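File shown: start35.cif. Contents: mmCIF, C-alpha atoms and all ligand atoms.
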data_target
loop_
_atom_site.group_PDB
_atom_site.id
_atom_site.type_symbol
_atom_site.label_atom_id
_atom_site.label_comp_id
_atom_site.auth_asym_id
_atom_site.auth_seq_id
_atom_site.Cartn_x
_atom_site.Cartn_y
_atom_site.Cartn_z
ATOM 1 C CA MET D 29 -24.272 -8.250 -12.489
ATOM 2 C CA ILE D 30 -21.725 -8.748 -9.708
ATOM 3 C CA ASP D 31 -20.557 -6.878 -6.591
ATOM 4 C CA LEU D 32 -16.936 -7.368 -5.536
ATOM 5 C CA HIS D 33 -16.897 -5.083 -2.460
ATOM 6 C CA LEU D 34 -19.245 -5.774 0.461
ATOM 7 C CA HIS D 35 -19.006 -5.525 4.258
ATOM 8 C CA SER D 36 -20.998 -7.642 6.725
ATOM 9 C CA SER D 37 -21.491 -7.635 10.486
ATOM 10 C CA CYS D 38 -18.242 -9.643 10.705
ATOM 11 C CA SER D 39 -16.567 -6.224 10.318
ATOM 12 C CA ASP D 40 -18.301 -2.851 10.182
ATOM 13 C CA GLY D 41 -21.437 -3.634 8.198
ATOM 14 C CA SER D 42 -24.840 -3.936 9.830
ATOM 15 C CA GLU D 43 -26.094 -7.040 7.971
ATOM 16 C CA ARG D 44 -25.181 -10.669 8.528
ATOM 17 C CA PRO D 45 -23.286 -12.447 5.726
ATOM 18 C CA GLU D 46 -26.326 -14.612 4.847
ATOM 19 C CA ARG D 47 -28.524 -11.520 4.572
ATOM 20 C CA ILE D 48 -26.045 -9.885 2.183
ATOM 21 C CA VAL D 49 -26.271 -12.919 -0.096
ATOM 22 C CA GLU D 50 -30.067 -12.670 -0.014
ATOM 23 C CA LEU D 51 -29.934 -8.952 -0.874
ATOM 24 C CA ALA D 52 -27.524 -9.695 -3.734
ATOM 25 C CA HIS D 53 -29.860 -12.395 -5.026
ATOM 26 C CA GLU D 54 -32.823 -9.983 -4.912
ATOM 27 C CA ALA D 55 -30.763 -7.347 -6.743
ATOM 28 C CA GLY D 56 -29.981 -9.837 -9.522
ATOM 29 C CA CYS D 57 -26.293 -10.547 -8.820
ATOM 30 C CA SER D 58 -24.785 -13.748 -10.186
ATOM 31 C CA ALA D 59 -21.718 -13.495 -7.933
ATOM 32 C CA ILE D 60 -20.408 -11.380 -5.074
ATOM 33 C CA ALA D 61 -17.268 -11.072 -2.982
ATOM 34 C CA LEU D 62 -17.516 -10.588 0.762
ATOM 35 C CA THR D 63 -14.680 -8.180 1.654
ATOM 36 C CA ASP D 64 -14.808 -7.494 5.381
ATOM 37 C CA HIS D 65 -11.961 -5.498 6.936
ATOM 38 C CA ASP D 66 -9.097 -7.814 7.988
ATOM 39 C CA THR D 67 -11.231 -10.957 8.193
ATOM 40 C CA ILE D 68 -12.787 -13.774 6.176
ATOM 41 C CA ALA D 69 -14.905 -14.884 9.158
ATOM 42 C CA GLY D 70 -18.204 -14.328 7.303
ATOM 43 C CA VAL D 71 -17.274 -16.104 4.090
ATOM 44 C CA ALA D 72 -18.274 -19.666 5.005
ATOM 45 C CA ALA D 73 -21.801 -18.646 6.069
ATOM 46 C CA ALA D 74 -22.183 -16.488 2.949
ATOM 47 C CA GLN D 75 -21.033 -19.354 0.731
ATOM 48 C CA ARG D 76 -23.535 -21.732 2.351
ATOM 49 C CA ARG D 77 -26.399 -19.311 1.636
ATOM 50 C CA GLY D 78 -24.980 -18.677 -1.843
ATOM 51 C CA GLY D 79 -25.070 -22.415 -2.511
ATOM 52 C CA GLU D 80 -28.770 -22.483 -1.631
ATOM 53 C CA LEU D 81 -29.597 -19.508 -3.870
ATOM 54 C CA GLY D 82 -27.276 -20.357 -6.769
ATOM 55 C CA LEU D 83 -25.042 -17.348 -6.264
ATOM 56 C CA GLU D 84 -21.255 -17.575 -6.189
ATOM 57 C CA VAL D 85 -19.504 -16.032 -3.179
ATOM 58 C CA ILE D 86 -15.807 -15.159 -3.545
ATOM 59 C CA ALA D 87 -13.706 -15.134 -0.369
ATOM 60 C CA GLY D 88 -12.206 -11.685 0.062
ATOM 61 C CA CYS D 89 -11.179 -8.996 2.507
ATOM 62 C CA GLU D 90 -10.216 -5.334 2.575
ATOM 63 C CA ILE D 91 -6.913 -4.271 4.121
ATOM 64 C CA SER D 92 -6.031 -0.662 5.017
ATOM 65 C CA SER D 93 -2.374 -0.571 4.049
ATOM 66 C CA GLY D 94 0.236 2.082 4.611
ATOM 67 C CA HIS D 95 1.642 3.929 1.618
ATOM 68 C CA PRO D 96 3.494 7.237 1.276
ATOM 69 C CA ALA D 97 0.429 8.480 -0.632
ATOM 70 C CA GLY D 98 -1.769 7.858 2.454
ATOM 71 C CA SER D 99 -3.936 5.096 3.897
ATOM 72 C CA MET D 100 -4.444 2.829 0.921
ATOM 73 C CA HIS D 101 -7.339 0.367 0.963
ATOM 74 C CA LEU D 102 -6.662 -2.888 -0.857
ATOM 75 C CA LEU D 103 -9.239 -5.509 -1.759
ATOM 76 C CA CYS D 104 -7.987 -9.090 -1.804
ATOM 77 C CA HIS D 105 -10.002 -11.689 -3.724
ATOM 78 C CA PHE D 106 -9.816 -15.522 -3.927
ATOM 79 C CA LEU D 107 -8.654 -16.157 -0.351
ATOM 80 C CA ASP D 108 -9.651 -19.796 -0.794
ATOM 81 C CA ASP D 109 -6.835 -21.301 1.237
ATOM 82 C CA PRO D 110 -7.278 -20.723 4.994
ATOM 83 C CA THR D 111 -3.667 -21.799 5.567
ATOM 84 C CA SER D 112 -2.236 -19.217 3.146
ATOM 85 C CA PRO D 113 0.217 -16.554 4.370
ATOM 86 C CA LEU D 114 -2.205 -13.723 3.583
ATOM 87 C CA VAL D 115 -4.974 -15.278 5.689
ATOM 88 C CA ALA D 116 -2.432 -15.847 8.479
ATOM 89 C CA GLU D 117 -1.497 -12.157 8.332
ATOM 90 C CA LEU D 118 -5.133 -11.200 8.946
ATOM 91 C CA THR D 119 -4.754 -12.416 12.552
ATOM 92 C CA THR D 120 -2.018 -9.828 13.130
ATOM 93 C CA LEU D 121 -4.015 -7.093 11.410
ATOM 94 C CA SER D 122 -7.070 -7.945 13.526
ATOM 95 C CA SER D 123 -5.115 -7.650 16.757
ATOM 96 C CA ASN D 124 -3.650 -4.305 15.596
ATOM 97 C CA ARG D 125 -7.240 -3.209 14.998
ATOM 98 C CA VAL D 126 -8.371 -4.291 18.480
ATOM 99 C CA ALA D 127 -5.420 -2.411 20.050
ATOM 100 C CA ARG D 128 -6.321 0.706 18.034
ATOM 101 C CA ASN D 129 -9.966 0.410 19.087
ATOM 102 C CA VAL D 130 -9.073 0.225 22.791
ATOM 103 C CA ALA D 131 -6.780 3.280 22.414
ATOM 104 C CA LEU D 132 -9.425 5.124 20.383
ATOM 105 C CA ALA D 133 -12.082 4.572 23.041
ATOM 106 C CA ALA D 134 -9.680 5.859 25.716
ATOM 107 C CA ARG D 135 -8.875 8.923 23.625
ATOM 108 C CA LEU D 136 -12.526 9.787 23.050
ATOM 109 C CA THR D 137 -13.310 9.342 26.746
ATOM 110 C CA ALA D 138 -10.340 11.577 27.629
ATOM 111 C CA LEU D 139 -11.802 14.218 25.305
ATOM 112 C CA GLY D 140 -14.922 14.119 27.465
ATOM 113 C CA LEU D 141 -17.120 12.524 24.823
ATOM 114 C CA PRO D 142 -20.065 10.313 25.830
ATOM 115 C CA ILE D 143 -18.716 6.919 24.728
ATOM 116 C CA SER D 144 -17.199 3.805 26.277
ATOM 117 C CA TYR D 145 -15.471 0.807 24.744
ATOM 118 C CA ALA D 146 -18.225 -1.423 26.163
ATOM 119 C CA GLU D 147 -20.838 0.575 24.235
ATOM 120 C CA VAL D 148 -18.813 0.260 21.035
ATOM 121 C CA LEU D 149 -18.614 -3.519 21.448
ATOM 122 C CA ALA D 150 -22.356 -3.661 22.113
ATOM 123 C CA GLU D 151 -23.013 -1.559 18.990
ATOM 124 C CA GLY D 152 -21.156 -4.188 16.966
ATOM 125 C CA GLY D 153 -22.870 -7.081 18.767
ATOM 126 C CA ARG D 154 -19.524 -8.202 20.210
ATOM 127 C CA ARG D 155 -18.498 -9.037 23.737
ATOM 128 C CA PRO D 156 -15.141 -8.835 25.528
ATOM 129 C CA GLY D 157 -12.802 -11.446 24.067
ATOM 130 C CA ARG D 158 -14.687 -11.457 20.749
ATOM 131 C CA GLU D 159 -13.763 -7.975 19.573
ATOM 132 C CA ASP D 160 -12.657 -8.621 15.985
ATOM 133 C CA GLY D 161 -13.797 -6.492 13.092
ATOM 134 C CA ILE D 162 -14.954 -3.462 15.063
ATOM 135 C CA GLY D 163 -14.295 -0.257 13.126
ATOM 136 C CA ARG D 164 -14.715 3.467 13.368
ATOM 137 C CA PRO D 165 -18.287 3.332 11.992
ATOM 138 C CA HIS D 166 -19.289 1.583 15.238
ATOM 139 C CA PHE D 167 -17.690 4.407 17.235
ATOM 140 C CA ALA D 168 -19.473 6.925 15.006
ATOM 141 C CA ALA D 169 -22.854 5.251 15.588
ATOM 142 C CA VAL D 170 -22.409 5.384 19.373
ATOM 143 C CA LEU D 171 -21.410 9.071 19.210
ATOM 144 C CA VAL D 172 -24.537 9.810 17.147
ATOM 145 C CA ARG D 173 -26.779 7.858 19.500
ATOM 146 C CA ASN D 174 -25.334 9.684 22.535
ATOM 147 C CA GLY D 175 -25.885 13.090 20.945
ATOM 148 C CA ALA D 176 -22.257 14.038 20.215
ATOM 149 C CA ALA D 177 -22.707 14.037 16.420
ATOM 150 C CA ASP D 178 -25.561 14.466 13.947
ATOM 151 C CA SER D 179 -24.620 11.636 11.585
ATOM 152 C CA ILE D 180 -21.910 9.041 10.936
ATOM 153 C CA GLY D 181 -20.244 11.492 8.524
ATOM 154 C CA ASP D 182 -20.423 14.266 11.099
ATOM 155 C CA ALA D 183 -18.775 11.993 13.716
ATOM 156 C CA PHE D 184 -15.876 11.332 11.316
ATOM 157 C CA ALA D 185 -15.506 15.032 10.477
ATOM 158 C CA ARG D 186 -15.587 16.164 14.120
ATOM 159 C CA TYR D 187 -13.800 13.348 15.942
ATOM 160 C CA LEU D 188 -12.704 10.254 14.035
ATOM 161 C CA GLY D 189 -11.159 11.273 10.720
ATOM 162 C CA PRO D 190 -7.510 12.106 10.038
ATOM 163 C CA GLY D 191 -6.668 15.482 11.585
ATOM 164 C CA ALA D 192 -9.647 15.362 13.970
ATOM 165 C CA PRO D 193 -8.938 15.411 17.733
ATOM 166 C CA GLY D 194 -9.973 11.791 18.276
ATOM 167 C CA TYR D 195 -7.915 10.338 15.453
ATOM 168 C CA VAL D 196 -5.786 7.377 16.539
ATOM 169 C CA GLY D 197 -3.407 5.761 14.046
ATOM 170 C CA ILE D 198 -3.157 2.037 13.503
ATOM 171 C CA GLU D 199 -0.107 -0.108 12.833
ATOM 172 C CA ARG D 200 -0.204 -0.818 9.109
ATOM 173 C CA ILE D 201 1.209 -3.308 6.656
ATOM 174 C CA THR D 202 2.612 -1.768 3.448
ATOM 175 C CA ALA D 203 0.818 -2.121 0.124
ATOM 176 C CA THR D 204 3.762 -3.977 -1.416
ATOM 177 C CA GLU D 205 3.753 -6.467 1.468
ATOM 178 C CA VAL D 206 0.045 -7.167 0.895
ATOM 179 C CA ILE D 207 0.693 -7.715 -2.816
ATOM 180 C CA ALA D 208 3.610 -10.055 -2.103
ATOM 181 C CA LEU D 209 1.573 -12.079 0.414
ATOM 182 C CA ALA D 210 -1.329 -12.317 -2.048
ATOM 183 C CA ARG D 211 0.961 -13.660 -4.746
ATOM 184 C CA ARG D 212 2.002 -16.483 -2.403
ATOM 185 C CA SER D 213 -1.650 -17.087 -1.464
ATOM 186 C CA GLY D 214 -3.312 -17.536 -4.841
ATOM 187 C CA ALA D 215 -5.078 -14.206 -4.381
ATOM 188 C CA VAL D 216 -5.305 -10.983 -6.397
ATOM 189 C CA VAL D 217 -5.138 -7.432 -5.067
ATOM 190 C CA THR D 218 -7.211 -4.472 -6.257
ATOM 191 C CA LEU D 219 -6.799 -0.834 -5.249
ATOM 192 C CA ALA D 220 -10.123 0.149 -3.636
ATOM 193 C CA HIS D 221 -11.823 3.546 -4.215
ATOM 194 C CA PRO D 222 -8.628 5.051 -5.699
ATOM 195 C CA LEU D 223 -9.922 8.630 -5.469
ATOM 196 C CA SER D 224 -9.825 8.407 -1.636
ATOM 197 C CA LEU D 225 -6.073 8.933 -1.900
ATOM 198 C CA GLY D 226 -6.831 12.542 -2.834
ATOM 199 C CA LEU D 227 -4.131 12.624 -5.521
ATOM 200 C CA THR D 228 -4.099 14.591 -8.751
ATOM 201 C CA ALA D 229 -4.632 12.550 -11.923
ATOM 202 C CA ILE D 230 -0.903 12.720 -12.689
ATOM 203 C CA GLU D 231 0.112 11.617 -9.184
ATOM 204 C CA LEU D 232 -2.461 8.806 -9.166
ATOM 205 C CA ASP D 233 -1.166 7.571 -12.532
ATOM 206 C CA LYS D 234 2.363 7.368 -11.086
ATOM 207 C CA VAL D 235 1.273 5.596 -7.903
ATOM 208 C CA VAL D 236 -0.900 3.112 -9.801
ATOM 209 C CA GLY D 237 1.883 2.470 -12.333
ATOM 210 C CA ALA D 238 4.336 1.644 -9.546
ATOM 211 C CA LEU D 239 1.820 -0.657 -7.824
ATOM 212 C CA ALA D 240 1.074 -2.390 -11.134
ATOM 213 C CA ARG D 241 4.779 -3.103 -11.555
ATOM 214 C CA SER D 242 4.871 -4.685 -8.073
ATOM 215 C CA GLY D 243 1.948 -6.976 -8.884
ATOM 216 C CA LEU D 244 -1.301 -5.086 -8.314
ATOM 217 C CA VAL D 245 -3.989 -6.755 -10.457
ATOM 218 C CA GLY D 246 -7.083 -4.541 -10.315
ATOM 219 C CA LEU D 247 -8.291 -0.979 -9.954
ATOM 220 C CA GLU D 248 -11.747 -0.455 -8.449
ATOM 221 C CA SER D 249 -13.288 1.740 -11.129
ATOM 222 C CA TYR D 250 -17.038 1.038 -10.930
ATOM 223 C CA TYR D 251 -17.425 2.166 -7.334
ATOM 224 C CA GLY D 252 -20.763 2.811 -5.637
ATOM 225 C CA ARG D 253 -20.114 6.457 -4.867
ATOM 226 C CA TYR D 254 -18.364 7.517 -8.097
ATOM 227 C CA ASP D 255 -20.124 9.229 -10.983
ATOM 228 C CA GLN D 256 -19.881 7.965 -14.541
ATOM 229 C CA ALA D 257 -17.074 10.362 -15.496
ATOM 230 C CA ALA D 258 -14.912 9.177 -12.579
ATOM 231 C CA ARG D 259 -15.646 5.519 -13.373
ATOM 232 C CA ASP D 260 -14.677 6.004 -17.024
ATOM 233 C CA GLU D 261 -11.470 7.809 -16.088
ATOM 234 C CA LEU D 262 -10.470 5.052 -13.649
ATOM 235 C CA ALA D 263 -11.254 2.328 -16.194
ATOM 236 C CA ALA D 264 -8.965 4.131 -18.665
ATOM 237 C CA LEU D 265 -6.257 4.408 -15.990
ATOM 238 C CA ALA D 266 -6.604 0.671 -15.328
ATOM 239 C CA ALA D 267 -6.274 -0.103 -19.044
ATOM 240 C CA ARG D 268 -3.139 2.046 -19.376
ATOM 241 C CA HIS D 269 -1.412 -0.066 -16.732
ATOM 242 C CA GLY D 270 -2.760 -3.465 -17.722
ATOM 243 C CA LEU D 271 -5.026 -3.663 -14.674
ATOM 244 C CA VAL D 272 -8.517 -5.136 -14.458
ATOM 245 C CA ALA D 273 -11.178 -2.442 -13.981
ATOM 246 C CA THR D 274 -13.277 -3.978 -11.185
ATOM 247 C CA GLY D 275 -16.240 -2.693 -9.228
ATOM 248 C CA GLY D 276 -18.470 -2.962 -6.204
ATOM 249 C CA SER D 277 -20.795 -1.044 -3.945
ATOM 250 C CA ASP D 278 -18.836 -0.885 -0.627
ATOM 251 C CA PHE D 279 -22.150 -1.731 1.027
ATOM 252 C CA HIS D 280 -22.103 -1.389 4.854
ATOM 253 C CA GLY D 281 -25.858 -1.513 5.559
ATOM 254 C CA SER D 282 -27.007 1.180 7.995
ATOM 255 C CA TYR D 283 -23.441 2.502 8.407
ATOM 256 C CA LYS D 284 -23.519 3.749 4.788
ATOM 257 C CA PRO D 285 -27.255 4.077 4.234
ATOM 258 C CA ASP D 286 -26.932 5.499 0.711
ATOM 259 C CA LEU D 287 -25.457 2.265 -0.716
ATOM 260 C CA SER D 288 -27.320 -0.913 -1.739
ATOM 261 C CA VAL D 289 -25.912 -4.359 -2.506
ATOM 262 C CA GLY D 290 -25.172 -4.664 -6.221
ATOM 263 C CA THR D 291 -26.666 -1.366 -7.322
ATOM 264 C CA GLY D 292 -24.788 1.106 -5.089
ATOM 265 C CA ARG D 293 -26.761 4.349 -5.253
ATOM 266 C CA GLY D 294 -29.209 2.687 -7.642
ATOM 267 C CA GLU D 295 -27.487 2.901 -10.993
ATOM 268 C CA LEU D 296 -24.357 0.745 -10.468
ATOM 269 C CA ARG D 297 -24.077 -2.347 -12.707
ATOM 270 C CA VAL D 298 -20.786 -4.269 -12.645
ATOM 271 C CA ASP D 299 -20.501 -6.662 -15.574
ATOM 272 C CA ASP D 300 -20.312 -10.420 -14.888
ATOM 273 C CA ALA D 301 -17.413 -10.742 -17.334
ATOM 274 C CA ILE D 302 -15.101 -8.803 -14.984
ATOM 275 C CA LEU D 303 -15.063 -11.691 -12.507
ATOM 276 C CA ALA D 304 -13.762 -14.147 -15.101
ATOM 277 C CA VAL D 305 -11.035 -11.706 -16.138
ATOM 278 C CA LEU D 306 -10.036 -11.156 -12.496
ATOM 279 C CA ARG D 307 -10.001 -14.901 -11.858
ATOM 280 C CA GLY D 308 -7.796 -15.363 -14.900
ATOM 281 C CA ARG D 309 -5.182 -13.148 -13.247
ATOM 282 C CA ARG D 310 -4.772 -15.388 -10.172
ATOM 283 C CA PRO D 311 -1.120 -16.277 -9.596
HETATM 284 P P1 LIG M 401 -11.425 1.708 10.313
HETATM 285 O O1 LIG M 401 -11.162 0.474 9.476
HETATM 286 O O2 LIG M 401 -11.903 1.378 11.671
HETATM 287 O O3 LIG M 401 -10.279 2.677 10.310
HETATM 288 O O4 LIG M 401 -12.656 2.468 9.638
HETATM 289 C C1 LIG M 401 -12.771 2.495 8.256
HETATM 290 C C2 LIG M 401 -14.226 2.556 7.906
HETATM 291 O O5 LIG M 401 -14.716 3.866 8.151
HETATM 292 C C3 LIG M 401 -14.495 2.265 6.433
HETATM 293 O O6 LIG M 401 -15.680 1.509 6.304
HETATM 294 C C4 LIG M 401 -14.688 3.629 5.861
HETATM 295 O O7 LIG M 401 -15.497 3.629 4.726
HETATM 296 C C5 LIG M 401 -15.368 4.360 7.002
HETATM 297 N N1 LIG M 401 -15.132 5.801 6.873
HETATM 298 C C6 LIG M 401 -13.945 6.427 6.747
HETATM 299 N N2 LIG M 401 -14.115 7.769 6.670
HETATM 300 C C7 LIG M 401 -15.458 7.986 6.746
HETATM 301 C C8 LIG M 401 -16.291 9.159 6.715
HETATM 302 N N3 LIG M 401 -15.766 10.378 6.593
HETATM 303 N N4 LIG M 401 -17.629 8.985 6.807
HETATM 304 C C9 LIG M 401 -18.164 7.757 6.944
HETATM 305 N N5 LIG M 401 -17.435 6.617 6.979
HETATM 306 C C10 LIG M 401 -16.110 6.721 6.878
HETATM 307 ZN ZN ZN M 402 -15.841 -0.559 6.373
HETATM 308 FE FE FE M 403 -12.288 1.156 2.040
HETATM 309 FE FE FE M 404 -14.879 -1.100 2.018
#
Show me, as structure tokens, the structure contained in the file I just sent.
Ligand code: AMP
Ligand code: ZN
Ligand code: FE
Ligand code: FE
Amino acid sequence: MIDLHLHSSCSDGSERPERIVELAHEAGCSAIALTDHDTIAGVAAAQRRGGELGLEVIAGCEISSGHPAGSMHLLCHFLDDPTSPLVAELTTLSSNRVARNVALAARLTALGLPISYAEVLAEGGRRPGREDGIGRPHFAAVLVRNGAADSIGDAFARYLGPGAPGYVGIERITATEVIALARRSGAVVTLAHPLSLGLTAIELDKVVGALARSGLVGLESYYGRYDQAARDELAALAARHGLVATGGSDFHGSYKPDLSVGTGRGELRVDDAILAVLRGRRP
């Protein structure tokens, strides 16, 4: 069993990279990929712990790219070269994220909500000057703690999600740019949780077909929150376009309390063989 989609406290997960490796080991994973938003900062520590436990840790990240179909989350795997153009781009994406976070905090304060940027940094265990990897789940947790929302999901629905009064956009890289950078970086790109795009099956088929022609390698089919019918449909969609049907939990610790490392909501099992197939598609 493997898990190719995991977030640590280096972005918006609650658990340290080493702890995620331990949880994966307990769950029975042979390999995992750490895929924090816009950063590979946790990978080295995870790989050290993986070495001790005999568990392979793939260097990865998740990038929220811009696409006419909407915010499109892309997983990048095999970011082994820290000098590669894709890893260099993560610095830009991280500073866009910090700028968005500062603007988001100001917007929420202007709306009269009980939240400050300092509290958001504290929630993420960061301090001024070390603000990387903070995401909206941290904002949501502060809003819940201060009584402005009942749950993380409620905070997104009322304030933080698209169309909500506190929504602040972020400067995005396009999906085709991410794919092109990955190709020059020895990495492969997978479309994460494809159903988040909210497209019809016909529209999704078109979008995925076009991405496949520009070099997309995988489609995240075995996703923690999808039921078996959705997973089967996505695996078939992947096969139609010559893509690897990949999978992972999207574990975030306490920020997504329904999801466990490896097993998702309890029943997820991503086959070991998928990793070898994905690796075989490296440029
Ligand atoms: P950001 O990268 O800061 O824009 O935030 C993205 C993070 O927020 C990802 O981990 C998403 O899974 C999470 N997220 C987005 N929408 C929701 C929602 N409605 N409820 C809970 N988490 C969400
Ligand atoms: Zn996240
Ligand atoms: Fe995502
Ligand atoms: Fe994710």
Measuring between only C-alpha atoms, which one of D:Asp182, D:Glu295, D:Glu117, D:Glu205 shows the shortest distance to D:Tyr250? D:Glu295
In the coordinates of the file, take the point (-22.7, -12.3, 3.6) and a cut-off of 10 Å; then, counting only C-alpha atoms, name each qualifying protein, DNA or RNA residue as a ChimeraX atom specification. /D:34-38,41,43-52,60-64,69-78,85
Sorted by chain and rising residue number, which residues of chain D lie within 12 Å of ligand FE 403 (chain M), and what are their closest atom pairs and distances in Å to one decimal, counting only C-alpha atoms and all ligand atoms, as a Markdown table?
| residue | atom | partner | partner_atom | distance |
| --- | --- | --- | --- | --- |
| D:His33 | CA | M:FE403 | FE | 9.0 |
| D:Leu34 | CA | M:FE403 | FE | 9.9 |
| D:His35 | CA | M:FE403 | FE | 9.7 |
| D:Ser39 | CA | M:FE403 | FE | 11.9 |
| D:Asp40 | CA | M:FE403 | FE | 10.9 |
| D:Thr63 | CA | M:FE403 | FE | 9.6 |
| D:Asp64 | CA | M:FE403 | FE | 9.6 |
| D:His65 | CA | M:FE403 | FE | 8.3 |
| D:Asp66 | CA | M:FE403 | FE | 11.2 |
| D:Cys89 | CA | M:FE403 | FE | 10.2 |
| D:Glu90 | CA | M:FE403 | FE | 6.8 |
| D:Ile91 | CA | M:FE403 | FE | 7.9 |
| D:Ser92 | CA | M:FE403 | FE | 7.2 |
| D:Ser93 | CA | M:FE403 | FE | 10.3 |
| D:Ser99 | CA | M:FE403 | FE | 9.4 |
| D:Met100 | CA | M:FE403 | FE | 8.1 |
| D:His101 | CA | M:FE403 | FE | 5.1 |
| D:Leu102 | CA | M:FE403 | FE | 7.5 |
| D:Leu103 | CA | M:FE403 | FE | 8.3 |
| D:Cys104 | CA | M:FE403 | FE | 11.8 |
| D:Gly163 | CA | M:FE403 | FE | 11.4 |
| D:Arg164 | CA | M:FE403 | FE | 11.8 |
| D:Pro165 | CA | M:FE403 | FE | 11.8 |
| D:Thr218 | CA | M:FE403 | FE | 11.2 |
| D:Leu219 | CA | M:FE403 | FE | 9.3 |
| D:Ala220 | CA | M:FE403 | FE | 6.2 |
| D:His221 | CA | M:FE403 | FE | 6.7 |
| D:Pro222 | CA | M:FE403 | FE | 9.4 |
| D:Leu223 | CA | M:FE403 | FE | 10.9 |
| D:Ser224 | CA | M:FE403 | FE | 8.5 |
| D:Leu225 | CA | M:FE403 | FE | 10.7 |
| D:Glu248 | CA | M:FE403 | FE | 10.6 |
| D:Tyr251 | CA | M:FE403 | FE | 10.7 |
| D:Gly252 | CA | M:FE403 | FE | 11.6 |
| D:Arg253 | CA | M:FE403 | FE | 11.7 |
| D:Gly276 | CA | M:FE403 | FE | 11.1 |
| D:Ser277 | CA | M:FE403 | FE | 10.6 |
| D:Asp278 | CA | M:FE403 | FE | 7.4 |
| D:Phe279 | CA | M:FE403 | FE | 10.3 |
| D:His280 | CA | M:FE403 | FE | 10.5 |
| D:Lys284 | CA | M:FE403 | FE | 11.8 |
Need to verify the contact set: D:Val305, 12 Å, all atoms listed in the file, exclusion of same-chain residues closer than 6 positions in sequence. Can you return it as a list in words?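 So, after excluding close chain neighbours, the residues are Val216, Val245, Gly246, Gly270, Leu271, Val272, Ala273, Thr274 and Asp299 of chain D.
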Which residue is closest to ligand ZN 402 (chain M)? Choose from D:Ala183, D:Ile162, D:Ala169, D:Val289 and count only C-alpha atoms and all ligand atoms. D:Ile162
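Minimum atom-to-atom distances from D:Leu139, D:Ala150, D:Ala185, D:Leu303 to D:Glu84 were compared using only C-alpha atoms, and the lowest value belongs to D:Leu303.
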